[in-house]
Structure formats: C-alpha cells, structure tokens
Amino acid sequence: MKKLLSVLCILLMVACQTPQENQQVAQTTKEVFKPENKPTKELNVAFLAINGVYNSELMAPFDIFQHTIFHTEKGMKTFIVSPTKEVITTFEGIRILPDYDFNDVPNIDILVVPSAENNMGSDLEDERLINFVKEKGGSAMYIMSLCDGAFILAKAGLLDKVKSTTFPSDIGQFRQTFPELDVYENVSFVHDGKAITSSGGAKSYDPALYLVEFLYGKKAADGVAGGLVIDWNVGEIKSITPEK
C-alpha cells in the first residue's frame with residue numbers, strides 16, 4: 001500500500017507541472033549536436049590577440065579548440081593573429097609571438113575575440129582593428145567573443161539584430177555604448193545565429209565546449225573536457241542558445 005501511495009504521489013507531482021516547466025526540462029537535457037552542423041573540413045580558428053589581452057579569455061578557448069584534433073576526424077586548426085607579428089604582452093605579462101598578422105592571415109572559419117585591457121576604450125577607435133574584425137568576422141562561419149571582446153564585435157556591427165552578452169560588471173556599459181543591441185545578463189554565454197558571446201573569465205571554457213558539442217557531438221565534447229579534467233554538461237550551463 002505504501003509503495004502504491006508513493007507511485008501515485010510521483011505521478012501527481014509530474015501531472016501538476018506546468019507545460020513551461022516540462023519544456024524547460026526537455027531543453028536542458030537535449031543534445032545540441034545536429035548532423036548538419038558537422039564540418040566537412042578542418043576549420044581554421046583565428047584568435048585575435050592584441051596587447052593587453054587577458055590570459056583566461058585567450059587560452060581557455062584555445063585549449064578547447066586545439067584539443068579537438070584528438071577527438072574528431074576533422075578538428076580545428078588554431079592560430080593567433082595580431083595587427084603585426086611583433087611580440088604581444090598579455091595583461092598578466094605573458095609574451096606571445098603571433099602566427100600571422102592582418103596582412104597574411106589565412107582564411108578564417110571561426111574568429112575568436114578574447115577580451116583585452118582597452119576593449120571598452122581606445123580599441124574601439126582603432127579603425128584597422130575594427131575593419132579587420134568586420135571583414136573577417138563577416139565572412140566567418142562563426143564568431144565568438146569572450147568577456148569585453150563583445151565590444152569589438154559590436155563596434156564592427158557583427159552583433160546587430162542578435163542576442164548577446166558580455167562581462168557581468170560591464171553589462172551596463174555595453175548597453176549604454178550600444179543601446180540598439182539585445183543584451184542578456186546572468187548567463188554564461190549566448191548563441192544567436194553565427195555569434196557566440198560569453199561572460200568570460202573562468203567561464204570562457206563554456207562557450208568553447210558548447211561549440212565543440214554543437215559542431216562535433218557530445219562524444220567529442222566529453223573527450224575534450226575529460227582530457228582537460230573539466231566537468232561538462234551543457235544542460236547545466238546557464239545560457240541562451242537556439243534550443244532555448
């Protein structure tokens with residue numbers, strides 16, 4: 001009798017859920033991979049690194065995307081592009097030698113724009129930088145920003161008419177600078193169209209792993225996450241995606 005009552009209680013609880021609650025459960029457990037997303041070639045992934053770039057926003061997605069070569073047949077070729085081939089220095093002091101400059105960079109399938117120290121200030125007035133992002137990001141399959149890199153994408157006109165986000169404490173400045181944008185807060189990342197924008201910091205792993213799962217499937221994403229000792233479950237990440 002007690003077992004019967006327990007079963008009836010469970011059934012009653014499920015029945016009392018609203019359609020919205022049921023839909024939310026379905027969305028958070030649904031895999032993001034679709035066969036039509038899977039690339040048919042190796043993807044060139046360019047990381048835009050300028051002086052003052054932040055370590056986390058550059059290296060977290062770089063590690064994720066580079067490790068795809070070990071978990072899928074046609075993975076990603078990752079490289080760093082800068083205005084010149086001179087050594088750049090990150091905000092935290094690491095010195096980096098770029099692979100390419102703006103003049104000799106190969107075709108870009110995915111353009112990643114990590115946050116840098118002056119993304120909300122002087123970088124927005126750098127016409128060469130903004131024009132490069134506008135041109136290469138406009139022709140890329142996907143564009144991704146980490147933290148305040150969203151300011152650069154927005155200045156280049158690449159976030160018009162799509163949902164986006166940025167570093168949590170800079171949401172107000174982002175809205176003030178680009179009042180026409182549809183900006184979200186309290187999320188790790190937003191995927192709308194070909195644009196993926198992220199809150200950055202330690203959460204910079206989230207949008208990168210999400211894109212790996214979106215393009216290559218859960219097995220590949222879990223393999224990359226496991227190799228980097230990251231607990232990964234896209235359904236547990238607060239985000240705005242085409243599935244939600």
# chains A, B, ... in the order shown; residues from 1 in each chain; ligands from 1
$ residues_around --residues "segment 171-177 of chain A" --least-positions-apart "5" --cutoff "10 Å" --atoms "only C-alpha atoms" --output "mmCIF file with N, CA and C atoms, in the first residue's frame"
data_model
loop_
_atom_site.group_PDB
_atom_site.id
_atom_site.type_symbol
_atom_site.label_atom_id
_atom_site.label_comp_id
_atom_site.auth_asym_id
_atom_site.auth_seq_id
_atom_site.Cartn_x
_atom_site.Cartn_y
_atom_site.Cartn_z
ATOM 1 N N MET A 120 37.029 48.471 -24.141
ATOM 2 C CA MET A 120 35.929 49.414 -23.948
ATOM 3 C C MET A 120 36.350 50.851 -24.212
ATOM 4 N N CYS A 147 34.168 37.796 -22.722
ATOM 5 C CA CYS A 147 34.193 38.990 -21.875
ATOM 6 C C CYS A 147 33.989 40.246 -22.734
ATOM 7 N N ASP A 148 34.864 41.237 -22.599
ATOM 8 C CA ASP A 148 34.665 42.514 -23.284
ATOM 9 C C ASP A 148 35.014 42.473 -24.766
ATOM 10 N N ALA A 150 33.160 41.358 -26.738
ATOM 11 C CA ALA A 150 31.856 41.662 -27.333
ATOM 12 C C ALA A 150 31.783 43.119 -27.785
ATOM 13 N N PHE A 151 32.491 44.008 -27.096
ATOM 14 C CA PHE A 151 32.506 45.415 -27.501
ATOM 15 C C PHE A 151 33.104 45.562 -28.901
ATOM 16 N N ALA A 154 30.621 44.224 -31.452
ATOM 17 C CA ALA A 154 29.512 45.174 -31.595
ATOM 18 C C ALA A 154 29.934 46.395 -32.407
ATOM 19 N N LYS A 155 31.126 46.914 -32.133
ATOM 20 C CA LYS A 155 31.622 48.074 -32.869
ATOM 21 C C LYS A 155 31.762 47.754 -34.351
ATOM 22 N N THR A 165 25.847 38.926 -24.921
ATOM 23 C CA THR A 165 26.182 39.200 -23.529
ATOM 24 C C THR A 165 27.642 39.588 -23.454
ATOM 25 N N THR A 166 28.100 39.955 -22.259
ATOM 26 C CA THR A 166 29.500 40.306 -22.046
ATOM 27 C C THR A 166 29.827 40.117 -20.565
ATOM 28 N N ASP A 182 20.404 43.703 -28.236
ATOM 29 C CA ASP A 182 19.567 42.882 -27.349
ATOM 30 C C ASP A 182 20.502 42.138 -26.409
ATOM 31 N N VAL A 183 20.723 42.693 -25.215
ATOM 32 C CA VAL A 183 21.765 42.215 -24.311
ATOM 33 C C VAL A 183 21.165 41.415 -23.151
ATOM 34 N N TYR A 184 21.778 40.275 -22.860
ATOM 35 C CA TYR A 184 21.320 39.410 -21.773
ATOM 36 C C TYR A 184 22.361 39.376 -20.662
ATOM 37 N N GLU A 185 21.871 39.163 -19.441
ATOM 38 C CA GLU A 185 22.773 39.052 -18.300
ATOM 39 C C GLU A 185 22.450 37.795 -17.508
ATOM 40 N N ASN A 186 23.312 37.478 -16.543
ATOM 41 C CA ASN A 186 23.159 36.284 -15.707
ATOM 42 C C ASN A 186 23.205 34.996 -16.511
ATOM 43 N N SER A 199 30.409 35.585 -21.063
ATOM 44 C CA SER A 199 30.732 36.436 -19.918
ATOM 45 C C SER A 199 32.221 36.423 -19.620
#
$ closest_atom_pairs --of "segment 48-88 of chain A" --to "segment 100-109 of chain A" --cutoff "9 Å" --atoms "only C-alpha atoms" --output "JSON lines"
{"residue": "A:Phe79", "atom": "CA", "partner": "A:Tyr100", "partner_atom": "CA", "distance": 7.8}
{"residue": "A:Ile80", "atom": "CA", "partner": "A:Tyr100", "partner_atom": "CA", "distance": 6.5}
{"residue": "A:Val81", "atom": "CA", "partner": "A:Tyr100", "partner_atom": "CA", "distance": 4.7}
{"residue": "A:Ser82", "atom": "CA", "partner": "A:Asp101", "partner_atom": "CA", "distance": 4.9}
{"residue": "A:Pro83", "atom": "CA", "partner": "A:Asp101", "partner_atom": "CA", "distance": 5.2}
{"residue": "A:Thr84", "atom": "CA", "partner": "A:Asp101", "partner_atom": "CA", "distance": 4.7}
{"residue": "A:Lys85", "atom": "CA", "partner": "A:Asp101", "partner_atom": "CA", "distance": 5.5}
{"residue": "A:Glu86", "atom": "CA", "partner": "A:Asp101", "partner_atom": "CA", "distance": 8.9}
$ select_by_dssp --residues "segment 182-241 of chain A" --states "strand (DSSP E or B)" --output "PyMOL selection string"
chain A and resi 182-183+189-192+195-198+239-240
$ select_by_dssp --residues "segment 185-239 of chain A" --states "helix (DSSP H, G or I)" --output "VMD selection string"
chain A and resid 201 to 216 218 to 227 234 to 236
